[in-house]
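K.L.:
See target_32.csv below, with CSV, C-alpha atoms.
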chain,number,residue,atom,x,y,z
A,1,MET,CA,19.2,34.3,-16.3
A,2,SER,CA,21.6,32.9,-13.7
A,3,GLN,CA,20.6,30.4,-11.0
A,4,ASP,CA,20.8,33.1,-8.3
A,5,ASP,CA,18.4,35.4,-10.3
A,6,ALA,CA,16.0,32.5,-10.7
A,7,VAL,CA,16.0,31.8,-7.0
A,8,LYS,CA,15.4,35.5,-6.3
A,9,GLU,CA,12.5,35.6,-8.8
A,10,GLU,CA,10.9,32.5,-7.3
A,11,SER,CA,11.3,34.0,-3.8
A,12,LEU,CA,9.1,37.0,-4.8
A,13,PHE,CA,6.1,34.6,-4.7
A,14,GLU,CA,5.3,33.8,-1.1
A,15,ALA,CA,3.8,30.5,-0.2
A,16,PRO,CA,0.0,30.6,0.6
A,17,PRO,CA,-0.9,30.5,4.3
A,18,ILE,CA,-1.0,27.0,5.7
A,19,ALA,CA,-4.8,27.2,6.1
A,20,GLU,CA,-5.0,27.8,2.3
A,21,GLN,CA,-2.6,25.0,1.6
A,22,GLU,CA,-4.7,22.7,3.7
A,23,ARG,CA,-7.8,23.6,1.6
A,24,MET,CA,-5.8,22.9,-1.6
A,25,VAL,CA,-4.7,19.5,-0.4
A,26,GLU,CA,-8.3,18.7,0.6
A,27,ALA,CA,-9.6,19.7,-2.8
A,28,ILE,CA,-7.0,17.6,-4.6
A,29,LEU,CA,-7.6,14.5,-2.5
A,30,PHE,CA,-11.4,14.9,-2.7
A,31,ALA,CA,-11.4,15.1,-6.5
A,32,SER,CA,-8.8,12.3,-7.1
A,33,THR,CA,-9.9,8.8,-7.8
A,34,GLU,CA,-6.4,7.4,-6.8
A,35,PRO,CA,-4.2,8.1,-3.8
A,36,VAL,CA,-1.9,11.1,-4.3
A,37,THR,CA,1.8,11.3,-3.2
A,38,THR,CA,3.2,14.4,-1.5
A,39,LYS,CA,5.4,14.9,-4.5
A,40,GLU,CA,2.4,15.0,-6.8
A,41,LEU,CA,0.7,17.4,-4.4
A,42,SER,CA,3.7,19.7,-4.3
A,43,ALA,CA,3.8,19.7,-8.2
A,44,ARG,CA,0.2,20.9,-8.3
A,45,MET,CA,0.4,23.5,-5.5
A,46,PRO,CA,2.0,27.0,-5.6
A,47,HIS,CA,5.7,27.4,-5.2
A,48,GLY,CA,6.9,27.2,-1.6
A,49,SER,CA,3.9,25.1,-0.4
A,50,ASP,CA,4.5,22.3,2.1
A,51,PRO,CA,1.9,19.6,1.5
A,52,ALA,CA,3.3,17.4,4.2
A,53,GLU,CA,2.6,20.0,6.8
A,54,ALA,CA,-0.8,20.7,5.3
A,55,LEU,CA,-1.6,17.0,5.6
A,56,ILE,CA,-0.9,17.0,9.3
A,57,TYR,CA,-3.5,19.7,9.9
A,58,LEU,CA,-6.0,18.1,7.4
A,59,ARG,CA,-5.7,14.7,9.1
A,60,LYS,CA,-6.4,16.3,12.5
A,61,ARG,CA,-9.4,18.2,11.2
A,62,TYR,CA,-11.0,15.0,9.8
A,63,GLU,CA,-10.4,12.9,13.0
A,64,GLY,CA,-13.8,11.5,14.1
A,65,ARG,CA,-15.5,12.5,11.0
A,66,GLY,CA,-17.3,10.3,8.5
A,67,VAL,CA,-14.4,10.7,6.1
A,68,ARG,CA,-10.8,10.3,7.0
A,69,VAL,CA,-7.5,11.2,5.4
A,70,VAL,CA,-5.5,8.0,5.3
A,71,LYS,CA,-2.0,7.0,4.1
A,72,VAL,CA,-1.9,4.3,1.4
A,73,GLY,CA,1.6,3.1,0.9
A,74,ASP,CA,3.5,6.3,0.1
A,75,ALA,CA,0.4,8.2,-1.0
A,76,TRP,CA,-2.7,9.8,0.6
A,77,ALA,CA,-6.4,9.6,0.0
A,78,MET,CA,-9.8,10.4,1.5
A,79,ARG,CA,-11.7,7.3,2.6
A,80,THR,CA,-15.0,6.5,4.4
A,81,ALA,CA,-14.5,5.9,8.1
A,82,PRO,CA,-14.2,2.1,8.7
A,83,ASP,CA,-17.2,1.9,11.1
A,84,LEU,CA,-19.4,3.5,8.5
A,85,GLY,CA,-18.6,1.2,5.7
A,86,PHE,CA,-21.9,-0.6,6.0
A,87,LEU,CA,-23.6,2.6,4.6
A,88,MET,CA,-21.8,2.1,1.3
A,89,SER,CA,-23.0,-1.5,0.8
A,90,ARG,CA,-25.4,-0.6,-2.0
A,91,GLU,CA,-22.6,1.2,-3.8
A,92,THR,CA,-20.2,-1.8,-3.6
A,93,VAL,CA,-19.3,-3.3,-7.0
A,94,GLU,CA,-19.4,-7.0,-6.9
A,95,THR,CA,-16.2,-8.5,-8.2
A,96,ARG,CA,-15.5,-12.0,-9.2
A,97,LYS,CA,-14.5,-14.3,-6.4
A,98,LEU,CA,-11.0,-15.5,-6.1
A,99,SER,CA,-10.3,-19.2,-6.2
A,100,ARG,CA,-8.7,-20.9,-3.2
A,101,ALA,CA,-5.4,-21.1,-5.1
A,102,ALA,CA,-5.5,-17.4,-5.8
A,103,ILE,CA,-6.3,-16.5,-2.2
A,104,GLU,CA,-3.5,-18.7,-0.9
A,105,THR,CA,-1.0,-17.3,-3.5
A,106,LEU,CA,-2.0,-13.7,-2.7
A,107,ALA,CA,-1.6,-14.4,1.1
A,108,ILE,CA,1.8,-15.9,0.6
A,109,ILE,CA,3.0,-12.9,-1.5
A,110,ALA,CA,1.6,-10.4,1.0
A,111,TYR,CA,3.2,-12.1,4.0
A,112,HIS,CA,6.5,-13.2,2.4
A,113,GLN,CA,7.2,-10.5,-0.2
A,114,PRO,CA,9.4,-10.3,-2.2
A,115,VAL,CA,8.8,-14.0,-3.1
A,116,THR,CA,9.5,-16.0,-6.2
A,117,ARG,CA,7.1,-18.5,-7.9
A,118,ALA,CA,9.3,-21.4,-6.7
A,119,GLU,CA,9.1,-20.1,-3.1
A,120,ILE,CA,5.3,-19.8,-3.4
A,121,GLU,CA,5.1,-23.4,-4.6
A,122,GLU,CA,7.4,-24.6,-1.8
A,123,ILE,CA,5.1,-22.9,0.8
A,124,ARG,CA,1.9,-24.1,-0.7
A,125,GLY,CA,3.2,-27.6,-1.5
A,126,VAL,CA,1.7,-27.5,-5.0
A,127,SER,CA,2.5,-25.8,-8.2
A,128,VAL,CA,1.1,-22.3,-9.0
A,129,SER,CA,-0.7,-22.1,-12.4
A,130,ARG,CA,0.1,-19.2,-14.7
A,131,GLY,CA,-3.7,-18.3,-14.7
A,132,THR,CA,-3.7,-17.8,-11.0
A,133,VAL,CA,-0.8,-15.3,-11.2
A,134,ASP,CA,-2.2,-13.6,-14.3
A,135,GLN,CA,-5.5,-13.1,-12.5
A,136,LEU,CA,-3.8,-11.3,-9.5
A,137,LEU,CA,-1.7,-9.3,-11.9
A,138,GLU,CA,-4.8,-8.3,-13.9
A,139,MET,CA,-6.5,-7.2,-10.7
A,140,GLU,CA,-3.4,-5.1,-10.0
A,141,TRP,CA,-3.1,-6.6,-6.5
A,142,ILE,CA,0.4,-7.9,-7.2
A,143,ARG,CA,3.2,-6.8,-9.4
A,144,PHE,CA,6.6,-7.9,-10.4
A,145,GLY,CA,9.4,-7.1,-8.0
A,146,ARG,CA,13.1,-7.1,-8.3
A,147,ARG,CA,14.9,-10.2,-9.6
A,148,LYS,CA,16.6,-12.3,-7.0
A,149,MET,CA,20.4,-12.6,-7.4
A,150,THR,CA,20.4,-16.4,-7.4
A,151,PRO,CA,20.9,-18.8,-10.3
A,152,GLY,CA,18.5,-18.0,-13.1
A,153,ARG,CA,17.7,-14.6,-11.5
A,154,PRO,CA,14.0,-15.4,-10.9
A,155,VAL,CA,11.5,-12.6,-10.7
A,156,THR,CA,9.8,-11.9,-7.4
A,157,PHE,CA,6.3,-10.8,-6.7
A,158,VAL,CA,5.1,-8.1,-4.2
A,159,VAL,CA,1.6,-6.6,-3.4
A,160,THR,CA,0.6,-3.3,-4.9
A,161,GLN,CA,-0.6,0.0,-3.6
A,162,GLU,CA,-4.1,-0.9,-5.0
A,163,PHE,CA,-4.0,-4.0,-2.7
A,164,LEU,CA,-3.2,-1.9,0.3
A,165,ASP,CA,-5.9,0.6,-0.6
A,166,HIS,CA,-8.6,-2.1,-1.1
A,167,PHE,CA,-8.0,-3.5,2.3
A,168,GLY,CA,-7.4,-0.2,4.0
A,169,LEU,CA,-3.8,-0.8,4.9
A,170,GLU,CA,-1.0,1.8,5.2
A,171,SER,CA,1.7,-0.9,4.5
A,172,ALA,CA,2.1,-4.6,4.4
A,173,ARG,CA,3.2,-4.4,8.1
A,174,ASP,CA,-0.4,-3.7,9.0
A,175,LEU,CA,-1.6,-7.1,7.7
A,176,PRO,CA,-3.5,-9.0,10.4
A,177,GLY,CA,-2.0,-12.0,12.2
A,178,LEU,CA,-3.3,-15.6,12.5
A,179,LYS,CA,-5.4,-14.8,15.5
A,180,GLU,CA,-7.3,-11.9,13.8
A,181,LEU,CA,-7.8,-13.9,10.6
A,182,ARG,CA,-9.2,-16.9,12.5
A,183,ALA,CA,-11.5,-14.6,14.6
A,184,ALA,CA,-12.9,-13.1,11.3
A,185,GLY,CA,-13.5,-16.7,10.0
A,186,LEU,CA,-11.0,-16.2,7.1
A,187,LEU,CA,-8.8,-19.1,8.2
A,188,GLU,CA,-9.4,-22.7,9.2
A,189,ASN,CA,-8.2,-23.7,12.7
A,190,ARG,CA,-5.2,-25.4,11.2
A,191,PRO,CA,-4.0,-23.6,8.1
A,192,PRO,CA,-1.1,-25.0,6.1
A,193,PRO,CA,2.2,-24.4,8.0
A,194,GLY,CA,4.2,-21.4,6.8
A,195,LEU,CA,1.2,-19.9,4.9
A,196,MET,CA,0.8,-16.8,7.1
A,197,PRO,CA,3.3,-16.1,9.9
A,198,GLN,CA,1.9,-14.4,13.0
A,199,MET,CA,2.6,-10.7,12.7
A,200,GLY,CA,3.9,-8.9,15.7
A,201,GLU,CA,5.4,-12.0,17.4
A,202,GLY,CA,9.1,-12.3,18.2
A,203,ASP,CA,11.8,-9.9,18.9
A,204,GLU,CA,12.0,-6.8,16.6
A,205,ASP,CA,15.8,-7.1,16.5
A,206,ALA,CA,15.4,-10.6,15.1
A,207,ASP,CA,13.0,-9.4,12.5
A,208,GLU,CA,15.5,-6.7,11.4
A,209,ALA,CA,18.2,-9.3,11.4
A,210,SER,CA,16.2,-11.5,9.0
A,211,THR,CA,16.2,-8.7,6.4
A,212,GLU,CA,19.8,-7.8,6.9
A,213,GLY,CA,21.7,-8.3,3.7
A,214,GLN,CA,18.5,-8.8,1.8
A,215,ASN,CA,19.5,-6.0,-0.7
A,216,GLU,CA,22.4,-8.1,-1.7
A,217,LEU,CA,20.1,-10.9,-2.9
A,218,PHE,CA,18.1,-8.6,-5.3
A,219,GLU,CA,18.7,-6.3,-8.2
A,220,ASP,CA,16.6,-3.5,-9.5
Please go through the file and, once you have read it, give me the structure as structure tokens.
P.N.:
Amino acid sequence: MSQDDAVKEESLFEAPPIAEQERMVEAILFASTEPVTTKELSARMPHGSDPAEALIYLRKRYEGRGVRVVKVGDAWAMRTAPDLGFLMSRETVETRKLSRAAIETLAIIAYHQPVTRAEIEEIRGVSVSRGTVDQLLEMEWIRFGRRKMTPGRPVTFVVTQEFLDHFGLESARDLPGLKELRAAGLLENRPPPGLMPQMGEGDEDADEASTEGQNELFED
């Protein structure tokens, strides 16, 4: 069968109405324990479906409801509305507490990623134990990033989609700034300098300039 014949055969099957596609996306997200990408949605849905468009309608339909359709990194999931989180308190699984070293290391990675172990130690002012990094890797809150194109080609660390999902963030750009962290009692009045830069401050052009040429410093 030629490629043209294959295209003609596929075109015989019309895509379901957008309302039906919306129901399909809803069913997949509701049943999934992990966030689902649009590529994964497309692979499960009938030929010709447009999960991205269906998600627009689905998100709108869930606005103001007890459950929301949220973006987690490059994937989508259904999550309890933030203001109703207290209702789930009995269902919350108690996890082991992170040490101060682990919290500081995680914060540095989140705000400075991609960052090497040496850069983490320079910011903290003390060495980072292997156990601290292993704990964060085991929790799947951080992962190895690209190697830096500097002598020794050190590996970098970045936060994961699981980290974003746990804290209800769409991307690392949504991390709170110093003011919000202090208001929540998560930071002392005078945190170590350089630990967490204030998000949203400064000129956007300057921020873009700081990342210009960054790709040249890393390899896949």
K.L.:
Quick one: contact table of stretch 35-148 of chain A to stretch 168-173 of chain A, 10 Å max, nearest atom pair and distance in Å to one decimal per residue, counting all atoms listed in the file, chain and number order, as CSV?
P.N.:
residue,atom,partner,partner_atom,distance
A:Val70,CA,A:Glu170,CA,7.7
A:Lys71,CA,A:Glu170,CA,5.4
A:Val72,CA,A:Glu170,CA,4.6
A:Gly73,CA,A:Glu170,CA,5.2
A:Asp74,CA,A:Glu170,CA,8.2
A:Ala75,CA,A:Glu170,CA,9.0
A:Trp76,CA,A:Glu170,CA,9.4
A:Arg79,CA,A:Gly168,CA,8.8
A:Pro82,CA,A:Gly168,CA,8.6
A:Ala110,CA,A:Ala172,CA,6.7
A:Tyr111,CA,A:Ala172,CA,7.6
A:His112,CA,A:Ala172,CA,9.9
A:Gln113,CA,A:Ala172,CA,9.1
K.L.:
Could you name the residues that touch A:Thr80 at 10 Å or less, counting all atoms listed in the file, but leaving out those on the same chain fewer than 6 positions away, as a list in words?
P.N.:
Arg65, Gly66, Val67, Arg68, Val69, Val70, Leu87 and Met88 of chain A
K.L.:
So what do you get for atom CA of A:Leu41 versus atom CA of A:Thr160, distance-wise?
P.N.:
20.7 Å
K.L.:
Suppose you want the space between atom CA of A:Glu20 and atom CA of A:Thr37; what is it in Å?
P.N.:
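Atom CA of A:Glu20 sits 18.7 Å away from atom CA of A:Thr37.
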K.L.:
What is the atom CA of A:Trp141 to atom CA of A:Phe163 distance in Å?
P.N.:
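About the pair atom CA of A:Trp141 and atom CA of A:Phe163: they are 4.7 Å apart.
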K.L.:
Between A:Arg59, A:His166, A:Arg117, A:Arg130, which one has atoms that come closest to A:Met78, using all atoms listed in the file?
P.N.:
A:Arg59
K.L.:
Pick from A:Arg44, A:Arg153, A:Arg61, A:Arg143: nearest to A:Val25, with only C-alpha atoms counted?
P.N.:
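For A:Val25, the nearest of the candidates is A:Arg44.
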K.L.:
Would you list the contacts of A:Thr132 as a list in words, taking every protein, DNA or RNA residue within 9 Å and counting all atoms listed in the file, but skipping same-chain residues closer than 5 positions in sequence?
P.N.:
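Residues meeting the cut-off are Ser99, Ala101, Ala102, Thr105 and Leu137 of chain A.
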K.L.:
With all atoms listed in the file as the counted atoms, please give the residues lying no more than 12 Å from A:Pro16, apart from itself and same-chain residues fewer than 6 positions off, as JSON, numbers by chain.
P.N.:
{"A": [22, 23, 24, 45, 46, 47, 48, 49, 50, 51, 54]}
K.L.:
Point out the residue among A:Glu140, A:Gln21, A:Leu106, A:Ala27 with the least atom-to-atom distance to A:Ser42, counting all atoms listed in the file.
P.N.:
A:Gln21
K.L.:
Using all atoms listed in the file, find the one residue out of A:Phe144, A:Phe167, A:Phe86, A:Phe30 that sits nearest to A:Thr116.
P.N.:
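Checking each of A:Phe144, A:Phe167, A:Phe86, A:Phe30 against A:Thr116, counting all atoms listed in the file, the winner is A:Phe144.
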